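Comments concern the structure below.
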Amino acid sequence: MEDNKNNILISRCYEIFSAAIHSRTFPGAVMAVLCGPPEKRKRIIQTYGHTTYSQENPVHKGTVYDLASLTKPLATTLAILVLLKERLLQLSDLIADIFPQLGTPMRLISIKDILCHSAGFPAHQPYYLELCKLAEEKRKDVLLSLLAAEPKAYEPGSTSIYSDLGFMLLGLIVEKKSGQELAEFFREKITEPLGLTEGIFYGPDGSEDMEKCAPTEDCPLRQRILCGEVSDENAHALGGVAGHAGLFGTIEGVLDMGVHLLDQWQGREEHPNYLASDLRRFLTRQDIPGSTWALGFDTPSHIGSSGGRYLAPTSVGHLGFTGTSFWIDPTRDLVMVLLSNRVHPSRENIQIKQFRPLFHETVMESLGLV
C-alpha cells in the first residue's frame, strides 16, 4: 500500500513539474519528501529538467542550489541556539548592550524581536550600493552603522514585517559573541556534528564547480549570470557570507537538516551543541499581532500559505528568494523540500508563487495525508 502511494506521488509530481518547466516557472528543480517515524519512514527524491533553459546540464541529486533565505532558519537561527546553550547570549539581550557604540537607536530591540521579525526594521535596503564602494575590511563596521541609523518602520513588538536587515544584524552578533567567522561557526558547531558539511554550507563567491551549481540570475550589479556565488547583493557585499543569505546546498543536505530538526523537535534526537528544549521554543508561533512567525521559522498562514491548505498549524518552514523552500509538519512526521533556480535568468519570474502550494498539496494528497 505504501509503495502504491509513493508511486502515485512520483507520477503526480512528474506531471506538475513537467508542466512547470514547460511554462518556464523554472528550468529545473529537485524535490524531497520524508514521511513517518524512523522505523517506517521512506525518503523520496526526484529531479526534473535542467539547470538552464539551454538544457545542457540535467538536474541531479548533487546539484548545488543557492538556498537564499533558508540561511535564516538553518544557519543563523541555529547559531543563536548554540550561543544560548553556551550562555553567551539570551533572547532578552538588547542590541545596544551587545554593541554599546550604537547607543540609543538599538535600546529597545532584543534578540527575540529580530528572530520573529518584529524589531522595527523595514523589509530591505540596498546597503550594497554603499558597501561595495568600500574596502572589504570596513564593510561590516559600516553595515552596523547603517543598521543603527535605519529609521524604524514600526514600534518593535507591535507587529511583524519580514526583514533581511535584522538577520544581517544577527549574523554580526553571532560573530561577535562567538569570536569566529559565521561560516566557520556554522560548519564547526552545526553541520560537522551531523555529517552535513558537504550537503549544506556557506560557499565563498565563485568557488563552486560551475557544472555542479544551478545558476541564478543575470545580475545587473555584477553584469553576469551568477553561478556558484550568492545571488543576494547585500550578502555579496559581505563576501558571500551573511546572516540573511549565503547558504548553498544539495537536496539531500537540506532534507537531512530538516529530518534532524524534526527528530530533535519530537524528542528522538539531541544536537550536541544546542538544546532540543530551546529548539522547541523557537518552533512555536509567537504572540505578535498579525504575525505567523515563530523564532527564525515561519508557520502556515491561514489563507494562501506557500505550504498549501493541509499543513498542521504547528508546522514550520521557510522560503528562499531563489526558488527554495522547506516545510516540516510534526503531526505527520513529514518533511518536504523544494529546490529550484526560478530566478534564472531573471528574478522577475514569480510563477513559483502558484507552484509551491500546488507541490505541497500534491504531496499530501498523493500520500493520503489529508
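Chain labels A, B, ... are given in the sequence in which chains occur in the C-alpha cells; within each chain residues are numbered consecutively from 1, and ligands are likewise numbered from 1 in the order shown.
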
Would you please extract all alpha helix (DSSP H) residues from segment 51-249 of chain A, as assigned by DSSP on the backbone, and give them as a VMD selection string? chain A and resid 71 78 to 85 95 to 98 111 to 115 128 to 131 139 to 148 164 to 178 182 to 186 233 to 237

How would the residues just chosen look if you wrote them out with C-alpha atoms as a PDB file, in the first residue's frame?
```
ATOM      1  CA  THR A  71      20.055  30.720   5.623  1.00  0.00           C
ATOM      2  CA  LEU A  78      20.570  27.530  14.819  1.00  0.00           C
ATOM      3  CA  ALA A  79      23.721  29.536  15.580  1.00  0.00           C
ATOM      4  CA  ILE A  80      21.702  31.592  18.081  1.00  0.00           C
ATOM      5  CA  LEU A  81      20.558  28.323  19.683  1.00  0.00           C
ATOM      6  CA  VAL A  82      24.206  27.300  20.079  1.00  0.00           C
ATOM      7  CA  LEU A  83      25.048  30.615  21.749  1.00  0.00           C
ATOM      8  CA  LEU A  84      22.112  30.141  24.126  1.00  0.00           C
ATOM      9  CA  LYS A  85      23.429  26.768  25.249  1.00  0.00           C
ATOM     10  CA  ILE A  95      21.318  45.030  20.768  1.00  0.00           C
ATOM     11  CA  ALA A  96      22.556  48.200  22.484  1.00  0.00           C
ATOM     12  CA  ASP A  97      24.183  46.033  25.175  1.00  0.00           C
ATOM     13  CA  ILE A  98      25.925  43.849  22.591  1.00  0.00           C
ATOM     14  CA  ILE A 111      17.463  39.224  20.039  1.00  0.00           C
ATOM     15  CA  LYS A 112      13.958  37.765  20.269  1.00  0.00           C
ATOM     16  CA  ASP A 113      12.466  40.763  18.432  1.00  0.00           C
ATOM     17  CA  ILE A 114      14.788  40.173  15.496  1.00  0.00           C
ATOM     18  CA  LEU A 115      14.186  36.417  15.359  1.00  0.00           C
ATOM     19  CA  TYR A 128      25.371  47.002  -1.091  1.00  0.00           C
ATOM     20  CA  LEU A 129      25.346  50.245  -3.084  1.00  0.00           C
ATOM     21  CA  GLU A 130      27.306  51.823  -0.242  1.00  0.00           C
ATOM     22  CA  LEU A 131      29.240  48.787   0.950  1.00  0.00           C
ATOM     23  CA  ARG A 139      32.179  46.782   5.303  1.00  0.00           C
ATOM     24  CA  LYS A 140      30.877  45.093   8.459  1.00  0.00           C
ATOM     25  CA  ASP A 141      31.530  48.161  10.608  1.00  0.00           C
ATOM     26  CA  VAL A 142      29.777  50.381   8.098  1.00  0.00           C
ATOM     27  CA  LEU A 143      26.889  47.914   7.855  1.00  0.00           C
ATOM     28  CA  LEU A 144      26.476  48.108  11.614  1.00  0.00           C
ATOM     29  CA  SER A 145      26.297  51.897  11.421  1.00  0.00           C
ATOM     30  CA  LEU A 146      23.762  51.727   8.578  1.00  0.00           C
ATOM     31  CA  LEU A 147      21.564  49.342  10.556  1.00  0.00           C
ATOM     32  CA  ALA A 148      21.756  51.542  13.650  1.00  0.00           C
ATOM     33  CA  ASP A 164      16.571  40.786   5.835  1.00  0.00           C
ATOM     34  CA  LEU A 165      18.035  43.612   7.904  1.00  0.00           C
ATOM     35  CA  GLY A 166      17.513  42.048  11.303  1.00  0.00           C
ATOM     36  CA  PHE A 167      19.170  38.812  10.234  1.00  0.00           C
ATOM     37  CA  MET A 168      22.099  40.709   8.773  1.00  0.00           C
ATOM     38  CA  LEU A 169      22.494  42.114  12.274  1.00  0.00           C
ATOM     39  CA  LEU A 170      22.150  38.669  13.863  1.00  0.00           C
ATOM     40  CA  GLY A 171      24.992  37.425  11.671  1.00  0.00           C
ATOM     41  CA  LEU A 172      27.230  40.161  13.081  1.00  0.00           C
ATOM     42  CA  ILE A 173      26.095  39.271  16.609  1.00  0.00           C
ATOM     43  CA  VAL A 174      26.980  35.598  16.131  1.00  0.00           C
ATOM     44  CA  GLU A 175      30.463  36.614  15.001  1.00  0.00           C
ATOM     45  CA  LYS A 176      30.997  38.994  17.914  1.00  0.00           C
ATOM     46  CA  LYS A 177      29.752  36.601  20.587  1.00  0.00           C
ATOM     47  CA  SER A 178      31.483  33.504  19.205  1.00  0.00           C
ATOM     48  CA  LEU A 182      29.892  32.978  10.672  1.00  0.00           C
ATOM     49  CA  ALA A 183      30.715  30.326   8.057  1.00  0.00           C
ATOM     50  CA  GLU A 184      33.312  28.709  10.324  1.00  0.00           C
ATOM     51  CA  PHE A 185      30.974  28.747  13.330  1.00  0.00           C
ATOM     52  CA  PHE A 186      28.140  27.211  11.293  1.00  0.00           C
ATOM     53  CA  GLU A 233      23.503  41.653  -3.389  1.00  0.00           C
ATOM     54  CA  ASN A 234      23.855  42.551   0.285  1.00  0.00           C
ATOM     55  CA  ALA A 235      25.290  39.105   1.050  1.00  0.00           C
ATOM     56  CA  HIS A 236      27.633  39.511  -1.936  1.00  0.00           C
ATOM     57  CA  ALA A 237      28.880  42.808  -0.484  1.00  0.00           C
TER      58      ALA A 237
END
```

Excluding same-chain residues fewer than 3 positions from Glu270 of chain A, what lies within 12 Å of it counting only C-alpha atoms, as a ChimeraX atom specification? /A:190,193-194,260-267,273-280

Long-range neighbours of Leu108 of chain A as a PDB file with N, CA and C atoms, in the first residue's frame, 10 Å cut-off, only C-alpha atoms, 6 positions minimum in chain:
```pdb
ATOM      1  N   ASP A  93      18.482  39.712  25.535  1.00  0.00           N
ATOM      2  CA  ASP A  93      19.599  40.651  25.389  1.00  0.00           C
ATOM      3  C   ASP A  93      19.253  41.739  24.384  1.00  0.00           C
ATOM      4  N   LEU A  94      19.587  42.973  24.731  1.00  0.00           N
ATOM      5  CA  LEU A  94      19.328  44.111  23.854  1.00  0.00           C
ATOM      6  C   LEU A  94      20.535  44.378  22.958  1.00  0.00           C
ATOM      7  N   ILE A  95      20.251  44.786  21.734  1.00  0.00           N
ATOM      8  CA  ILE A  95      21.318  45.030  20.768  1.00  0.00           C
ATOM      9  C   ILE A  95      22.266  46.113  21.276  1.00  0.00           C
ATOM     10  N   ALA A  96      21.721  47.111  21.969  1.00  0.00           N
ATOM     11  CA  ALA A  96      22.556  48.200  22.484  1.00  0.00           C
ATOM     12  C   ALA A  96      23.554  47.713  23.529  1.00  0.00           C
ATOM     13  N   ALA A 119      11.331  43.652  15.025  1.00  0.00           N
ATOM     14  CA  ALA A 119      12.297  44.587  15.608  1.00  0.00           C
ATOM     15  C   ALA A 119      12.145  46.006  15.095  1.00  0.00           C
ATOM     16  N   GLY A 120      11.211  46.244  14.165  1.00  0.00           N
ATOM     17  CA  GLY A 120      11.017  47.591  13.643  1.00  0.00           C
ATOM     18  C   GLY A 120      11.729  47.870  12.341  1.00  0.00           C
ATOM     19  N   GLU A 155       6.921  50.374  15.722  1.00  0.00           N
ATOM     20  CA  GLU A 155       7.450  50.173  17.069  1.00  0.00           C
ATOM     21  C   GLU A 155       7.776  48.694  17.286  1.00  0.00           C
ATOM     22  N   PRO A 156       8.974  48.391  17.767  1.00  0.00           N
ATOM     23  CA  PRO A 156       9.340  46.988  17.994  1.00  0.00           C
ATOM     24  C   PRO A 156       8.305  46.258  18.839  1.00  0.00           C
ATOM     25  N   GLY A 157       7.938  45.065  18.371  1.00  0.00           N
ATOM     26  CA  GLY A 157       6.981  44.241  19.087  1.00  0.00           C
ATOM     27  C   GLY A 157       5.529  44.501  18.764  1.00  0.00           C
TER      28      GLY A 157
END
```

Apply DSSP to the backbone of this structure and, from segment 127-293 of chain A, keep only the residues in strand (DSSP E or B); write these as JSON, numbers by chain. {"A": [200, 201, 202, 213, 218, 219, 224, 225, 247, 248, 249, 293]}

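The interatomic distance for the pair atom CA of Ile328 of chain A and atom CA of Phe201 of chain A works out to 20.4 Å.
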
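If only C-alpha atoms are the atoms counted, then among A:His117, A:Arg222, A:Lys212, A:Arg347 the closest residue to Gly249 of chain A is A:Lys212.
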
For a quick check of understanding, using only C-alpha atoms, which of A:Gln351, A:Arg41, A:Glu217, A:Pro126 has the smallest distance to His22 of chain A? A:Gln351

Within 6 Å of segment 25-32 of chain A using only C-alpha atoms, minus same-chain residues under 4 positions, as a short mmCIF file (atom, residue, chain, number, x, y, z; two decimals) with N, CA and C atoms, in the first residue's frame:
```cif
data_model
loop_
_atom_site.label_atom_id
_atom_site.label_comp_id
_atom_site.auth_asym_id
_atom_site.auth_seq_id
_atom_site.Cartn_x
_atom_site.Cartn_y
_atom_site.Cartn_z
N ALA A 20 5.39 22.76 -15.05
CA ALA A 20 6.05 23.98 -14.56
C ALA A 20 7.26 24.32 -15.42
N ILE A 21 8.02 23.31 -15.82
CA ILE A 21 9.18 23.56 -16.68
C ILE A 21 8.71 24.05 -18.05
N ILE A 44 11.79 10.08 -0.54
CA ILE A 44 11.62 10.13 -1.99
C ILE A 44 12.31 11.39 -2.49
N ILE A 45 13.24 11.23 -3.41
CA ILE A 45 13.91 12.36 -4.04
C ILE A 45 13.76 12.21 -5.55
N GLN A 46 13.27 13.26 -6.19
CA GLN A 46 13.08 13.24 -7.63
C GLN A 46 13.65 14.51 -8.25
N THR A 47 14.33 14.36 -9.37
CA THR A 47 14.90 15.51 -10.08
C THR A 47 14.15 15.73 -11.39
N TYR A 48 14.14 16.99 -11.82
CA TYR A 48 13.38 17.35 -13.01
C TYR A 48 14.14 18.40 -13.81
N GLY A 49 14.15 18.24 -15.13
CA GLY A 49 14.65 19.30 -16.01
C GLY A 49 16.15 19.49 -15.93
N HIS A 50 16.56 20.72 -16.23
CA HIS A 50 17.96 21.09 -16.35
C HIS A 50 18.25 22.33 -15.52
N THR A 51 19.53 22.63 -15.37
CA THR A 51 19.89 23.80 -14.57
C THR A 51 19.72 25.10 -15.34
N THR A 52 19.63 25.02 -16.68
CA THR A 52 19.38 26.20 -17.51
C THR A 52 18.40 25.81 -18.62
N TYR A 53 17.88 26.82 -19.30
CA TYR A 53 16.95 26.55 -20.39
C TYR A 53 17.67 26.06 -21.65
N MET A 336 9.15 18.24 3.73
CA MET A 336 9.08 18.47 2.27
C MET A 336 10.06 19.57 1.91
N VAL A 337 10.87 19.32 0.88
CA VAL A 337 11.88 20.29 0.43
C VAL A 337 11.73 20.48 -1.08
N LEU A 338 11.81 21.73 -1.50
CA LEU A 338 11.79 22.08 -2.92
C LEU A 338 12.97 22.99 -3.19
N LEU A 339 13.83 22.60 -4.12
CA LEU A 339 14.94 23.44 -4.55
C LEU A 339 14.81 23.71 -6.04
N SER A 340 14.83 24.98 -6.41
CA SER A 340 14.81 25.36 -7.82
C SER A 340 15.62 26.64 -7.98
N ARG A 342 14.39 29.41 -9.79
CA ARG A 342 13.33 30.13 -10.51
C ARG A 342 13.80 31.51 -10.96
N GLN A 351 6.31 32.90 -11.05
CA GLN A 351 5.32 31.82 -11.16
C GLN A 351 5.43 30.80 -10.04
N ILE A 352 6.57 30.79 -9.34
CA ILE A 352 6.73 29.82 -8.25
C ILE A 352 5.71 30.05 -7.13
#
```
